[in-house]
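Have a look at work_2.txt; it's compact mmCIF, C-alpha atoms:
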```txt
# COMPACT_ATOMS: atom_id res chain seq x y z
CA MET A 1 -6.18 2.69 -9.36
CA GLU A 2 -7.56 -0.39 -11.16
CA ILE A 3 -11.11 -1.23 -10.02
CA LEU A 4 -13.21 -4.26 -10.92
CA ILE A 5 -16.99 -3.82 -10.49
CA VAL A 6 -18.86 -7.12 -10.22
CA GLY A 7 -22.63 -7.44 -10.79
CA THR A 8 -25.39 -5.05 -11.77
CA LEU A 9 -25.37 -3.19 -8.42
CA ASN A 10 -29.16 -2.81 -8.76
CA GLY A 11 -28.83 -0.62 -11.82
CA GLN A 12 -26.39 1.72 -10.07
CA ILE A 13 -23.34 0.32 -11.85
CA GLY A 14 -23.11 3.26 -14.26
CA ALA A 15 -23.20 5.82 -11.47
CA ALA A 16 -20.67 3.87 -9.38
CA SER A 17 -18.34 3.59 -12.37
CA LYS A 18 -18.54 7.31 -13.11
CA ILE A 19 -17.74 8.21 -9.50
CA ALA A 20 -14.82 5.77 -9.39
CA ILE A 21 -13.44 7.15 -12.66
CA ALA A 22 -13.86 10.73 -11.41
CA GLN A 23 -11.84 9.74 -8.32
CA GLY A 24 -8.96 8.60 -10.55
CA GLY A 25 -9.86 4.92 -10.95
CA GLN A 26 -9.77 2.79 -14.09
CA VAL A 27 -12.81 0.52 -14.16
CA SER A 28 -13.43 -2.97 -15.55
CA LEU A 29 -16.83 -4.69 -15.36
CA ALA A 30 -17.83 -8.31 -14.77
CA ASP A 31 -21.42 -9.60 -14.76
CA ASN A 32 -20.85 -12.17 -12.02
CA GLU A 33 -18.33 -13.79 -9.69
CA ASP A 34 -17.09 -16.34 -12.24
CA LYS A 35 -16.34 -13.72 -14.89
CA ALA A 36 -14.57 -11.62 -12.26
CA LEU A 37 -12.38 -14.59 -11.35
CA ASP A 38 -11.54 -15.12 -15.04
CA ILE A 39 -10.39 -11.49 -15.28
CA LEU A 40 -8.22 -11.82 -12.18
CA ARG A 41 -6.71 -15.15 -13.29
CA ALA A 42 -5.69 -13.65 -16.61
CA GLY A 43 -3.25 -11.35 -14.84
CA LYS A 44 -5.30 -8.17 -14.87
CA THR A 45 -3.92 -5.80 -12.23
CA VAL A 46 -6.84 -5.04 -9.90
CA GLU A 47 -6.40 -3.26 -6.58
CA LEU A 48 -10.05 -3.05 -5.55
CA VAL A 49 -13.13 -5.19 -6.27
CA MET A 50 -16.55 -3.61 -5.74
CA ILE A 51 -19.07 -6.47 -5.71
CA ASP A 52 -22.88 -6.51 -5.57
CA VAL A 53 -23.88 -7.59 -2.05
CA LYS A 54 -26.54 -9.89 -3.53
CA LEU A 55 -23.92 -12.07 -5.19
CA ASP A 56 -22.27 -14.99 -3.39
CA ILE A 57 -19.48 -12.98 -1.78
CA ALA A 58 -18.48 -15.83 0.54
CA ARG A 59 -17.91 -18.13 -2.44
CA PHE A 60 -16.06 -15.39 -4.32
CA ILE A 61 -13.70 -14.59 -1.44
CA SER A 62 -13.19 -18.29 -0.75
CA ALA A 63 -12.17 -18.74 -4.39
CA LEU A 64 -9.76 -15.81 -4.12
CA GLU A 65 -8.16 -17.37 -1.05
CA SER A 66 -7.97 -20.90 -2.45
CA GLU A 67 -6.53 -19.63 -5.74
CA ARG A 68 -4.10 -17.33 -3.89
CA ILE A 69 -5.39 -14.12 -5.47
CA ASN A 70 -4.69 -11.12 -3.25
CA VAL A 71 -7.11 -8.20 -3.79
CA LEU A 72 -9.19 -5.85 -1.62
CA VAL A 73 -12.95 -6.57 -1.75
CA VAL A 74 -15.75 -4.17 -0.78
CA ALA A 75 -19.46 -4.99 -1.00
CA CYS A 76 -22.10 -2.62 -2.42
CA GLY A 77 -25.88 -2.70 -2.08
CA VAL A 78 -29.02 -0.71 -1.41
CA ALA A 79 -29.02 0.99 1.98
CA ASN A 80 -31.67 -1.30 3.54
CA ASP A 81 -29.72 -4.50 2.84
CA THR A 82 -28.37 -4.51 6.39
CA SER A 83 -28.45 -8.29 6.85
CA LEU A 84 -26.64 -8.81 3.55
CA ALA A 85 -24.11 -6.13 4.50
CA VAL A 86 -23.32 -7.93 7.77
CA LYS A 87 -23.10 -11.24 5.92
CA ALA A 88 -20.68 -9.72 3.38
CA ILE A 89 -18.39 -8.33 6.09
CA LYS A 90 -18.40 -11.70 7.88
CA ALA A 91 -17.52 -13.36 4.56
CA GLY A 92 -14.38 -11.20 4.32
CA ALA A 93 -15.40 -8.00 2.55
CA LYS A 94 -13.40 -5.11 4.02
CA GLU A 95 -16.13 -2.47 3.69
CA TYR A 96 -19.78 -1.99 2.73
CA ILE A 97 -20.85 0.88 0.46
CA PRO A 98 -24.61 1.62 0.40
CA LEU A 99 -26.30 2.52 -2.88
CA PRO A 100 -27.17 4.83 -4.51
CA PRO A 101 -23.45 5.61 -4.46
CA ASP A 102 -22.19 8.55 -2.43
CA PRO A 103 -19.17 10.27 -4.05
CA GLU A 104 -17.61 11.15 -0.69
CA LEU A 105 -17.83 7.59 0.65
CA ILE A 106 -16.53 5.98 -2.53
CA GLY A 107 -13.75 8.57 -2.61
CA ALA A 108 -12.80 7.75 0.98
CA VAL A 109 -12.68 4.03 0.21
CA LEU A 110 -10.53 4.58 -2.86
CA ALA A 111 -8.23 6.93 -0.93
CA ALA A 112 -7.84 4.40 1.86
CA ALA A 113 -7.25 1.53 -0.55
CA THR A 114 -4.51 3.36 -2.40
CA ARG A 115 -2.57 5.92 -0.39
CA ASP A 116 -0.86 7.75 -3.25
CA ASN A 117 -1.92 9.51 -6.42
CA HIS A 118 1.49 8.99 -8.06
CA ALA A 119 2.26 12.71 -8.05
CA LEU A 120 5.82 13.55 -7.02
CA ILE A 121 5.55 16.73 -4.98
CA TYR A 122 8.70 18.27 -3.53
CA GLY A 123 10.43 21.49 -2.55
CA ASP A 124 13.70 20.38 -0.98
CA LYS A 125 17.10 20.44 -2.70
CA LYS A 126 17.85 16.91 -1.44
CA THR A 127 14.76 15.56 -3.14
CA GLU A 128 15.66 17.45 -6.30
CA ALA A 129 19.13 15.83 -6.28
CA ILE A 130 17.61 12.35 -5.82
CA LEU A 131 15.25 12.92 -8.75
CA LYS A 132 18.18 13.98 -10.90
CA VAL A 133 19.93 10.68 -10.21
CA ALA A 134 16.71 8.71 -10.69
CA LYS A 135 16.08 10.37 -14.05
CA GLN A 136 19.65 9.65 -15.14
CA VAL A 137 19.43 5.90 -14.41
CA ALA A 138 15.80 5.47 -15.51
CA PRO A 139 16.52 4.75 -19.22
CA SER A 140 18.88 1.87 -18.34
CA GLU A 141 17.81 -1.75 -17.89
CA ALA A 142 19.60 -2.05 -14.54
CA SER A 143 17.80 -3.17 -11.39
CA VAL A 144 17.29 -0.37 -8.88
CA LEU A 145 17.16 -0.71 -5.10
CA LEU A 146 15.41 2.12 -3.26
CA THR A 147 16.12 2.22 0.46
CA GLY A 148 14.78 4.38 3.23
CA SER A 149 12.39 4.38 6.16
CA SER A 150 8.74 3.37 5.77
CA GLY A 151 6.54 6.12 4.39
CA THR A 152 9.27 8.14 2.68
CA GLY A 153 7.64 7.70 -0.73
CA LYS A 154 9.70 4.89 -2.26
CA GLU A 155 6.84 3.68 -4.46
CA ILE A 156 6.34 7.20 -5.84
CA PHE A 157 10.04 7.35 -6.74
CA SER A 158 9.72 3.89 -8.32
CA ARG A 159 6.93 5.11 -10.57
CA PHE A 160 9.02 8.16 -11.45
CA ILE A 161 11.84 5.85 -12.63
CA HIS A 162 9.38 3.79 -14.68
CA ASP A 163 7.75 6.88 -16.19
CA ASN A 164 11.17 8.14 -17.32
CA SER A 165 12.36 4.78 -18.66
CA LYS A 166 12.16 3.24 -22.13
CA ARG A 167 9.35 1.08 -20.73
CA ALA A 168 7.15 4.03 -19.77
CA ASN A 169 4.36 2.99 -22.16
CA LYS A 170 4.32 -0.56 -20.74
CA ARG A 171 2.94 -1.92 -17.51
CA PHE A 172 4.07 -0.87 -14.02
CA VAL A 173 3.08 -3.63 -11.61
CA ALA A 174 3.60 -3.33 -7.85
CA VAL A 175 3.73 -6.19 -5.34
CA ASN A 176 3.83 -5.43 -1.61
CA CYS A 177 5.91 -8.29 -0.23
CA ALA A 178 5.06 -7.33 3.36
CA ALA A 179 1.28 -7.26 2.88
CA ILE A 180 0.91 -10.60 1.09
CA PRO A 181 1.08 -13.77 3.23
CA GLU A 182 4.11 -15.95 2.51
CA THR A 183 1.87 -18.79 1.33
CA LEU A 184 0.42 -16.52 -1.38
CA LEU A 185 3.48 -14.56 -2.49
CA GLU A 186 4.98 -17.26 -4.73
CA SER A 187 1.77 -17.68 -6.73
CA GLU A 188 1.32 -13.90 -6.82
CA LEU A 189 4.74 -13.49 -8.44
CA PHE A 190 4.96 -16.54 -10.70
CA GLY A 191 1.38 -17.66 -11.25
CA TYR A 192 0.24 -21.27 -11.47
CA GLU A 193 -1.28 -23.88 -13.76
CA LYS A 194 -4.69 -25.46 -13.38
CA GLY A 195 -4.53 -28.26 -10.83
CA ALA A 196 -1.23 -27.10 -9.34
CA PHE A 197 -2.79 -27.26 -5.87
CA THR A 198 -6.19 -27.61 -4.26
CA GLY A 199 -8.24 -24.63 -5.41
CA ALA A 200 -6.26 -24.00 -8.61
CA VAL A 201 -9.27 -24.42 -10.88
CA ALA A 202 -7.77 -22.44 -13.76
CA ARG A 203 -4.41 -21.09 -14.93
CA ARG A 204 -3.39 -17.79 -13.36
CA ILE A 205 -0.81 -15.36 -14.74
CA GLY A 206 1.66 -14.05 -12.16
CA LYS A 207 3.01 -10.53 -11.73
CA PHE A 208 6.31 -11.33 -13.49
CA GLU A 209 4.46 -12.23 -16.69
CA GLU A 210 2.03 -9.37 -16.27
CA ALA A 211 4.94 -6.91 -16.05
CA SER A 212 6.92 -8.43 -18.92
CA ASP A 213 8.30 -5.64 -21.15
CA GLY A 214 7.46 -3.29 -18.29
CA THR A 215 8.52 -2.77 -14.69
CA LEU A 216 7.89 -4.89 -11.59
CA LEU A 217 8.12 -3.17 -8.22
CA LEU A 218 8.93 -5.52 -5.33
CA ASP A 219 7.95 -3.31 -2.41
CA GLU A 220 9.56 -4.08 0.98
CA ILE A 221 11.52 -7.02 -0.45
CA SER A 222 13.24 -7.56 2.90
CA GLU A 223 9.97 -9.20 4.06
CA MET A 224 10.25 -11.92 1.39
CA ASP A 225 10.80 -15.49 2.61
CA ILE A 226 14.29 -16.75 1.82
CA GLY A 227 12.86 -19.76 -0.06
CA ILE A 228 11.10 -17.50 -2.57
CA GLN A 229 14.26 -15.38 -2.86
CA ALA A 230 16.03 -18.27 -4.65
CA LYS A 231 13.27 -18.42 -7.27
CA LEU A 232 13.33 -14.65 -7.63
CA LEU A 233 17.09 -14.70 -8.23
CA ARG A 234 16.69 -17.26 -11.00
CA ALA A 235 13.91 -15.21 -12.60
CA ILE A 236 16.13 -12.11 -12.65
CA GLN A 237 19.27 -13.90 -13.86
CA GLU A 238 17.73 -16.22 -16.45
CA LYS A 239 14.85 -13.93 -17.45
CA GLU A 240 12.44 -16.82 -17.12
CA ILE A 241 9.97 -18.04 -14.53
CA ASP A 242 8.23 -21.29 -13.67
CA ARG A 243 4.54 -21.19 -12.92
CA ILE A 244 3.62 -23.39 -9.97
CA GLY A 245 2.73 -26.75 -11.51
CA GLY A 246 4.15 -25.71 -14.89
CA LYS A 247 6.07 -28.10 -17.16
CA ALA A 248 8.31 -25.61 -18.96
CA PRO A 249 9.90 -22.25 -18.09
CA ILE A 250 8.39 -19.07 -19.49
CA LYS A 251 10.55 -16.26 -20.83
CA VAL A 252 9.96 -12.80 -19.33
CA ASN A 253 11.50 -9.40 -19.98
CA THR A 254 10.84 -7.62 -16.70
CA ARG A 255 12.79 -4.77 -15.15
CA ILE A 256 13.01 -4.97 -11.37
CA ILE A 257 12.79 -2.12 -8.90
CA ALA A 258 12.95 -3.19 -5.26
CA THR A 259 12.43 -1.22 -2.07
CA SER A 260 13.43 -1.90 1.52
CA ASN A 261 12.99 -0.07 4.80
CA ARG A 262 15.62 -2.27 6.43
CA ASN A 263 19.39 -2.62 6.17
CA LEU A 264 19.63 -5.42 3.61
CA MET A 265 23.36 -5.92 4.18
CA ALA A 266 22.60 -6.62 7.85
CA ALA A 267 19.87 -9.04 6.71
CA VAL A 268 22.48 -10.80 4.53
CA GLU A 269 24.81 -11.10 7.51
CA ASN A 270 22.13 -12.59 9.76
CA GLY A 271 21.02 -15.05 7.07
CA THR A 272 17.54 -13.73 6.30
CA PHE A 273 18.43 -12.32 2.87
CA ARG A 274 20.47 -13.96 0.11
CA GLN A 275 23.77 -12.25 -0.63
CA ASP A 276 23.64 -13.11 -4.35
CA LEU A 277 20.14 -11.62 -4.64
CA TYR A 278 21.26 -8.50 -2.77
CA TYR A 279 24.08 -7.86 -5.25
CA ARG A 280 21.79 -8.61 -8.20
CA LEU A 281 19.27 -6.03 -6.99
CA ASN A 282 21.75 -3.45 -5.75
CA VAL A 283 23.12 -2.46 -9.17
CA ILE A 284 21.91 1.07 -8.49
CA ASN A 285 21.06 2.11 -4.95
CA ILE A 286 19.07 5.28 -4.23
CA ASN A 287 18.45 6.19 -0.60
CA ILE A 288 15.39 8.30 0.23
CA PRO A 289 16.00 10.44 3.36
CA ASP A 290 13.46 10.71 6.15
CA LEU A 291 11.02 13.62 5.83
CA LYS A 292 12.63 15.39 8.82
CA ASP A 293 15.87 15.52 6.82
CA ARG A 294 14.23 17.19 3.83
CA THR A 295 12.23 19.89 5.55
CA GLY A 296 11.78 21.81 2.32
CA ASP A 297 9.24 19.16 1.29
CA ILE A 298 7.06 19.38 4.41
CA ILE A 299 4.96 22.50 3.77
CA VAL A 300 4.71 21.79 0.03
CA LEU A 301 3.43 18.28 0.71
CA ALA A 302 1.13 19.45 3.50
CA LYS A 303 -0.57 21.94 1.18
CA HIS A 304 -0.83 19.28 -1.53
CA PHE A 305 -2.61 16.91 0.88
CA ILE A 306 -4.88 19.67 2.17
CA LYS A 307 -5.96 20.41 -1.40
CA LYS A 308 -6.39 16.70 -2.16
CA TYR A 309 -8.59 15.94 0.84
CA SER A 310 -10.52 19.20 0.68
CA GLU A 311 -11.56 18.33 -2.88
CA LEU A 312 -12.20 14.68 -1.98
CA ASN A 313 -14.51 15.63 0.87
CA GLU A 314 -16.02 18.62 -0.97
CA LEU A 315 -14.82 21.04 1.71
CA PRO A 316 -13.50 24.58 1.22
CA MET A 317 -9.76 24.89 0.71
CA LYS A 318 -8.01 26.43 3.73
CA ASP A 319 -4.50 27.71 4.41
CA LEU A 320 -2.33 26.49 7.26
CA SER A 321 -2.07 28.99 10.11
CA ALA A 322 1.39 30.28 11.05
CA ASP A 323 1.30 28.23 14.28
CA ALA A 324 0.31 25.09 12.40
CA GLU A 325 3.17 25.55 9.92
CA LYS A 326 5.61 26.04 12.78
CA ALA A 327 4.31 22.90 14.52
CA ILE A 328 4.59 20.61 11.52
CA LEU A 329 8.06 21.94 10.68
CA SER A 330 9.30 21.24 14.21
CA TYR A 331 7.80 17.71 14.38
CA ASP A 332 10.06 14.74 13.52
CA TRP A 333 7.48 12.80 11.42
CA PRO A 334 8.53 9.25 12.37
CA GLY A 335 5.96 7.95 9.87
CA ASN A 336 7.34 10.27 7.17
CA VAL A 337 5.16 11.31 4.22
CA ARG A 338 2.44 8.78 5.00
CA GLU A 339 2.05 10.16 8.51
CA LEU A 340 1.97 13.71 7.14
CA GLU A 341 -0.74 12.73 4.66
CA ASN A 342 -2.83 11.06 7.36
CA THR A 343 -2.40 14.09 9.65
CA MET A 344 -3.44 16.58 6.95
CA HIS A 345 -6.44 14.45 6.01
CA ARG A 346 -7.59 14.51 9.62
CA ALA A 347 -6.86 18.25 9.92
CA VAL A 348 -9.06 18.97 6.89
CA LEU A 349 -11.94 17.06 8.50
CA LEU A 350 -11.53 18.57 11.99
CA SER A 351 -10.73 22.14 11.07
CA VAL A 352 -13.15 24.94 12.00
CA GLY A 353 -12.82 28.56 11.02
CA GLU A 354 -11.03 30.06 8.05
CA GLU A 355 -7.61 28.42 8.64
CA ILE A 356 -6.27 25.01 9.61
CA THR A 357 -4.91 25.65 13.09
CA VAL A 358 -2.51 23.68 15.26
CA ASP A 359 -5.51 22.30 17.19
CA ALA A 360 -6.79 20.57 14.04
CA VAL A 361 -3.35 19.19 13.19
CA MET A 362 -3.25 17.26 16.48
CA LEU A 363 0.35 16.06 16.52
CA PRO A 364 1.08 13.28 19.04
CA GLN A 365 3.30 15.47 21.23
CA GLU A 366 0.41 17.92 21.52
CA GLU A 367 -2.15 15.20 22.22
CA ASN A 368 -0.53 13.96 25.41
CA LYS A 369 2.48 15.93 26.57
CA GLU A 370 2.54 14.50 30.08
CA GLU A 371 2.59 10.91 28.86
CA ASN A 372 5.17 11.68 26.21
CA ASN A 373 7.42 13.24 28.86
CA SER A 374 7.08 10.24 31.15
CA SER A 375 10.26 8.24 31.70
CA GLY A 376 8.44 4.92 31.66
CA VAL A 377 10.12 3.90 34.94
CA GLY A 378 8.22 1.07 36.61
CA GLN A 379 6.65 -0.20 33.36
CA THR A 380 7.54 -3.45 31.64
CA VAL A 381 9.05 -3.34 28.16
CA ALA A 382 6.11 -5.39 26.86
CA GLY A 383 3.65 -2.95 28.43
CA MET A 384 5.39 0.08 26.95
CA GLU A 385 5.46 -1.61 23.55
CA ARG A 386 1.74 -2.39 23.77
CA LYS A 387 0.94 1.19 24.77
CA LEU A 388 3.06 2.59 21.93
CA ILE A 389 1.36 0.35 19.35
CA ILE A 390 -2.18 1.06 20.53
CA ASP A 391 -1.54 4.82 20.87
CA THR A 392 -0.09 4.91 17.36
CA LEU A 393 -3.13 3.06 16.05
CA LYS A 394 -5.39 5.66 17.68
CA HIS A 395 -3.28 8.38 16.05
CA THR A 396 -3.85 6.83 12.61
CA LEU A 397 -7.60 6.47 13.26
CA GLY A 398 -7.33 2.68 13.10
CA ASN A 399 -5.39 2.51 9.82
CA ARG A 400 -3.14 -0.54 10.22
CA THR A 401 -0.87 0.26 7.27
CA SER A 402 -0.15 3.82 8.44
CA ALA A 403 0.45 2.62 12.02
CA ALA A 404 2.92 -0.04 10.85
CA ASN A 405 4.78 2.56 8.81
CA ILE A 406 5.04 4.96 11.76
CA LEU A 407 6.22 2.17 14.05
CA GLY A 408 8.74 0.89 11.51
CA ILE A 409 7.40 -2.67 11.55
CA SER A 410 5.75 -4.83 8.91
CA ILE A 411 1.97 -4.99 8.66
CA ARG A 412 2.25 -8.72 9.41
CA THR A 413 4.07 -8.05 12.69
CA LEU A 414 1.51 -5.39 13.66
CA ARG A 415 -1.42 -7.72 13.02
CA ASN A 416 0.19 -10.47 15.11
CA LYS A 417 0.74 -8.02 17.98
CA LEU A 418 -2.86 -6.76 17.82
CA LYS A 419 -4.23 -10.30 17.82
CA GLN A 420 -2.14 -11.03 20.91
CA TYR A 421 -3.39 -7.90 22.70
CA GLN A 422 -6.99 -8.65 21.77
CA ASP A 423 -6.64 -12.22 23.08
CA GLU A 424 -5.25 -10.74 26.31
CA GLY A 425 -8.39 -8.62 26.69
CA PHE A 426 -7.11 -5.18 25.66
CA ASP A 427 -9.30 -2.79 23.65
CA ILE A 428 -8.01 -2.40 20.10
CA PRO A 429 -9.12 0.52 17.88
CA PRO A 430 -11.38 -0.79 15.08
CA ALA A 431 -9.72 -1.23 11.71
CA THR A 432 -10.11 1.19 8.83
CA LEU A 433 -8.99 0.30 5.31
CA GLY A 434 -5.23 -0.20 5.16
```
Before we go any further, please render this structure as structure tokens.
Amino acid sequence: MEILIVGTLNGQIGAASKIAIAQGGQVSLADNEDKALDILRAGKTVELVMIDVKLDIARFISALESERINVLVVACGVANDTSLAVKAIKAGAKEYIPLPPDPELIGAVLAAATRDNHALIYGDKKTEAILKVAKQVAPSEASVLLTGSSGTGKEIFSRFIHDNSKRANKRFVAVNCAAIPETLLESELFGYEKGAFTGAVARRIGKFEEASDGTLLLDEISEMDIGIQAKLLRAIQEKEIDRIGGKAPIKVNTRIIATSNRNLMAAVENGTFRQDLYYRLNVININIPDLKDRTGDIIVLAKHFIKKYSELNELPMKDLSADAEKAILSYDWPGNVRELENTMHRAVLLSVGEEITVDAVMLPQEENKEENNSSGVGQTVAGMERKLIIDTLKHTLGNRTSAANILGISIRTLRNKLKQYQDEGFDIPPATLG
């Protein structure tokens, strides 16, 4: 994970950097907000900004928004800076980390901000066969389309293809088309020139240029607005892009990997996805099965996540009990690998005794059997949908991204639904990172 630390953090910057690096992060430093913005404009891939709470966070986040720079921001400061912490959250920071830095808290923030550690863990023959195909096509220059349900691990497979390609020593840049607002996605991909729009105070390099000679992952491309699709098609076909406000095209040499959790051919038929772009992307199609259809991966992945979160939280490593193994093997995992990871993380934290038992695993069917067996007769469709969404959010401990993956909807759709429910007076579980 690429982390940008902004400010002196009251002399704790060295300690914070060491903890972030120990948690798998790669750290860049900026003395102030302006230097941080310069780094981000230059096309540096940054997934998380940790900024000193005493800096002008409101101005910094406002600049990010006006310049269409999409990055997660958390504030850091000494523990008694409560008023500044509240001010930072109101300004748009997603989290507040008190200093001196606590390894467990920073680790939790980093884990929430990036859900994968890029390791490809498997034990099923189906997964092995998919990896064989992926490794075979990796050295080519062809575009690859990875399809499958949300949470099946498409980004991990994308990185596997990049790591086994001729571009392995170049950049791998990922763009989540579902998580970035439509108004920001074009500038995120293609960049812009100074003065291109209000707030464009300096040139910004887009992801296409950043990934030139490397690989660009367009995650959940089915969420991309059809207007941007035309520009994407030209970039792929002509190997050149136009920055917003630019006067001349810029040559790029970028390999494209795209993912979708939807049927793109159906999207073509209903007019929400361009047919010519579909065929350009679908040179090689690799479908990732749902986790329930590759059961040989379940226990292997579960043990991997138990080890990961035991180490992260500095807790003793425990085995799964026989009942717990049986329960997770018989569960359908609608949220796939992401749901399994979230469940094992929670099980590590809740477990008592020498083993992780079925009680700590807390699968939805065990949480509320009577409600799950209810027919729903007498309830409105809207009411059942609301209950399903809120219950799923409780299951993910407030994590919006995980809930959207389990429900099979985009994060944008989930946020719109939650805003509607909140406006209607319903209690919504507080958000965690994601």
Counting only C-alpha atoms, which residues in segment 179-257 of chain A sit no more than 12 Å from segment 131-140 of chain A? For each one, give the nearest pair of atoms and the distance in Å, sorted by chain then residue number, as JSON lines.
```
{"residue": "A:Thr215", "atom": "CA", "partner": "A:Ala138", "partner_atom": "CA", "distance": 11.0}
{"residue": "A:Arg255", "atom": "CA", "partner": "A:Ser140", "partner_atom": "CA", "distance": 9.6}
{"residue": "A:Ile256", "atom": "CA", "partner": "A:Ser140", "partner_atom": "CA", "distance": 11.4}
{"residue": "A:Ile257", "atom": "CA", "partner": "A:Ala138", "partner_atom": "CA", "distance": 10.5}
```
| Could you name the residues that touch Gly123 of chain A at 12 Å or less, counting all atoms listed in the file, but leaving out those on the same chain fewer than 6 positions away, as a PyMOL selection string? | chain A and resi 129+131+291+294-304
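Of the listed residues A:Leu349, A:Leu145, A:Leu363, A:Glu314, the one whose atoms come nearest to Leu329 of chain A is A:Leu363, with distances taken using all atoms listed in the file.
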| field | Nearest to Glu355 of chain A by atom-to-atom distance, counting all atoms listed in the file, from A:Ala168, A:Ser321, A:Thr343, A:Ser83 | value |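 Among the listed residues, A:Ser321 lies closest to Glu355 of chain A.
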| A:Arg243, A:Lys87, A:Ile121, A:Phe190 ranked by distance to Phe305 of chain A, top pick (using all atoms listed in the file) | A:Ile121
| message | To one decimal place in Å, what is the distance between atom CA of Asp359 of chain A and atom CA of Ala324 of chain A? | response | 8.0 Å
| Hey, which of A:Ala88, A:Ile389, A:Ala42, A:Val173 ends up closest to Arg203 of chain A? Count all atoms listed in the file. | A:Ala42
| 9 Å contact set for segment 45-47 of chain A, all atoms listed in the file, chain neighbours under 3 positions out, as a PyMOL selection string | chain A and resi 1-4+28+40+70-73+113-114+173+207+210
| query | Which is closer to Val74 of chain A than all the others in A:Ile5, A:Lys166, A:Ile19, A:Gly14, using only C-alpha atoms? | reply |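 Of the candidates, the smallest distance to Val74 of chain A is held by A:Ile5.
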| task | Scan for residues within 6 Å of the point (-10.3, 20.0, 5.1) in the coordinates of the file, using all atoms listed in the file, and reply as a PyMOL selection string. | result | chain A and resi 310+315+348-349
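Note that the spacing between atom CA of Thr127 of chain A and atom CA of Pro364 of chain A amounts to 26.2 Å.
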| field | Nearest-residue call for Ser330 of chain A, choices A:His162, A:Lys292, A:Arg274, A:Arg59, using all atoms listed in the file | value | A:Lys292
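Between atom CA of Gly11 of chain A and atom CA of Ile97 of chain A the separation is 14.7 Å.
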| Any idea what's packed within 10 Å of Asp391 of chain A, counting only C-alpha atoms, ignoring anything in its chain fewer than 4 positions away? Could you give it as a list in words? | Pro364, Glu385, Arg386, Lys387, His395, Thr396, Leu397, Gly398, Ala403, Ile428 and Pro429 of chain A
Export of prior selection with C-alpha atoms as a short mmCIF file (atom, residue, chain, number, x, y, z; two decimals), keeping the file's coordinate frame:
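again.cif, written as the output of this step:
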```cif
data_model
loop_
_atom_site.label_atom_id
_atom_site.label_comp_id
_atom_site.auth_asym_id
_atom_site.auth_seq_id
_atom_site.Cartn_x
_atom_site.Cartn_y
_atom_site.Cartn_z
CA PRO A 364 1.08 13.28 19.04
CA GLU A 385 5.46 -1.61 23.55
CA ARG A 386 1.74 -2.39 23.77
CA LYS A 387 0.94 1.19 24.77
CA HIS A 395 -3.28 8.38 16.05
CA THR A 396 -3.85 6.83 12.61
CA LEU A 397 -7.60 6.47 13.26
CA GLY A 398 -7.33 2.68 13.10
CA ALA A 403 0.45 2.62 12.02
CA ILE A 428 -8.01 -2.40 20.10
CA PRO A 429 -9.12 0.52 17.88
#
```
| message | If we draw a sphere of 12 Å around (13.9, -18.3, 0.2), which residues have at least one atom in it when counting only C-alpha atoms? Please report them as an NGL selection string. | response | :A and (182 or 185-186 or 221-234 or 271-277)
Rebuild segment 242-251 of chain A so that it carries N, CA and C atoms, then output the result as an mmCIF file, in the frame of the given file.
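Output file part26.cif is given in full below:
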```cif
data_model
loop_
_atom_site.group_PDB
_atom_site.id
_atom_site.type_symbol
_atom_site.label_atom_id
_atom_site.label_comp_id
_atom_site.auth_asym_id
_atom_site.auth_seq_id
_atom_site.Cartn_x
_atom_site.Cartn_y
_atom_site.Cartn_z
ATOM 1 N N ASP A 242 9.000 -20.047 -13.645
ATOM 2 C CA ASP A 242 8.230 -21.290 -13.670
ATOM 3 C C ASP A 242 6.932 -21.065 -12.924
ATOM 4 N N ARG A 243 5.815 -21.217 -13.629
ATOM 5 C CA ARG A 243 4.540 -21.190 -12.920
ATOM 6 C C ARG A 243 4.487 -22.398 -11.989
ATOM 7 N N ILE A 244 3.802 -22.259 -10.865
ATOM 8 C CA ILE A 244 3.620 -23.390 -9.970
ATOM 9 C C ILE A 244 2.831 -24.461 -10.726
ATOM 10 N N GLY A 245 3.388 -25.666 -10.780
ATOM 11 C CA GLY A 245 2.730 -26.750 -11.510
ATOM 12 C C GLY A 245 3.012 -26.735 -12.999
ATOM 13 N N GLY A 246 3.842 -25.789 -13.470
ATOM 14 C CA GLY A 246 4.150 -25.710 -14.890
ATOM 15 C C GLY A 246 5.162 -26.759 -15.327
ATOM 16 N N LYS A 247 5.173 -27.074 -16.629
ATOM 17 C CA LYS A 247 6.070 -28.100 -17.160
ATOM 18 C C LYS A 247 7.269 -27.511 -17.894
ATOM 19 N N ALA A 248 7.202 -26.232 -18.221
ATOM 20 C CA ALA A 248 8.310 -25.610 -18.960
ATOM 21 C C ALA A 248 8.455 -24.164 -18.504
ATOM 22 N N PRO A 249 9.697 -23.651 -18.489
ATOM 23 C CA PRO A 249 9.900 -22.250 -18.090
ATOM 24 C C PRO A 249 9.305 -21.289 -19.112
ATOM 25 N N ILE A 250 8.995 -20.105 -18.650
ATOM 26 C CA ILE A 250 8.390 -19.070 -19.490
ATOM 27 C C ILE A 250 9.310 -17.864 -19.503
ATOM 28 N N LYS A 251 9.656 -17.408 -20.685
ATOM 29 C CA LYS A 251 10.550 -16.260 -20.830
ATOM 30 C C LYS A 251 9.814 -14.971 -20.433
#
```
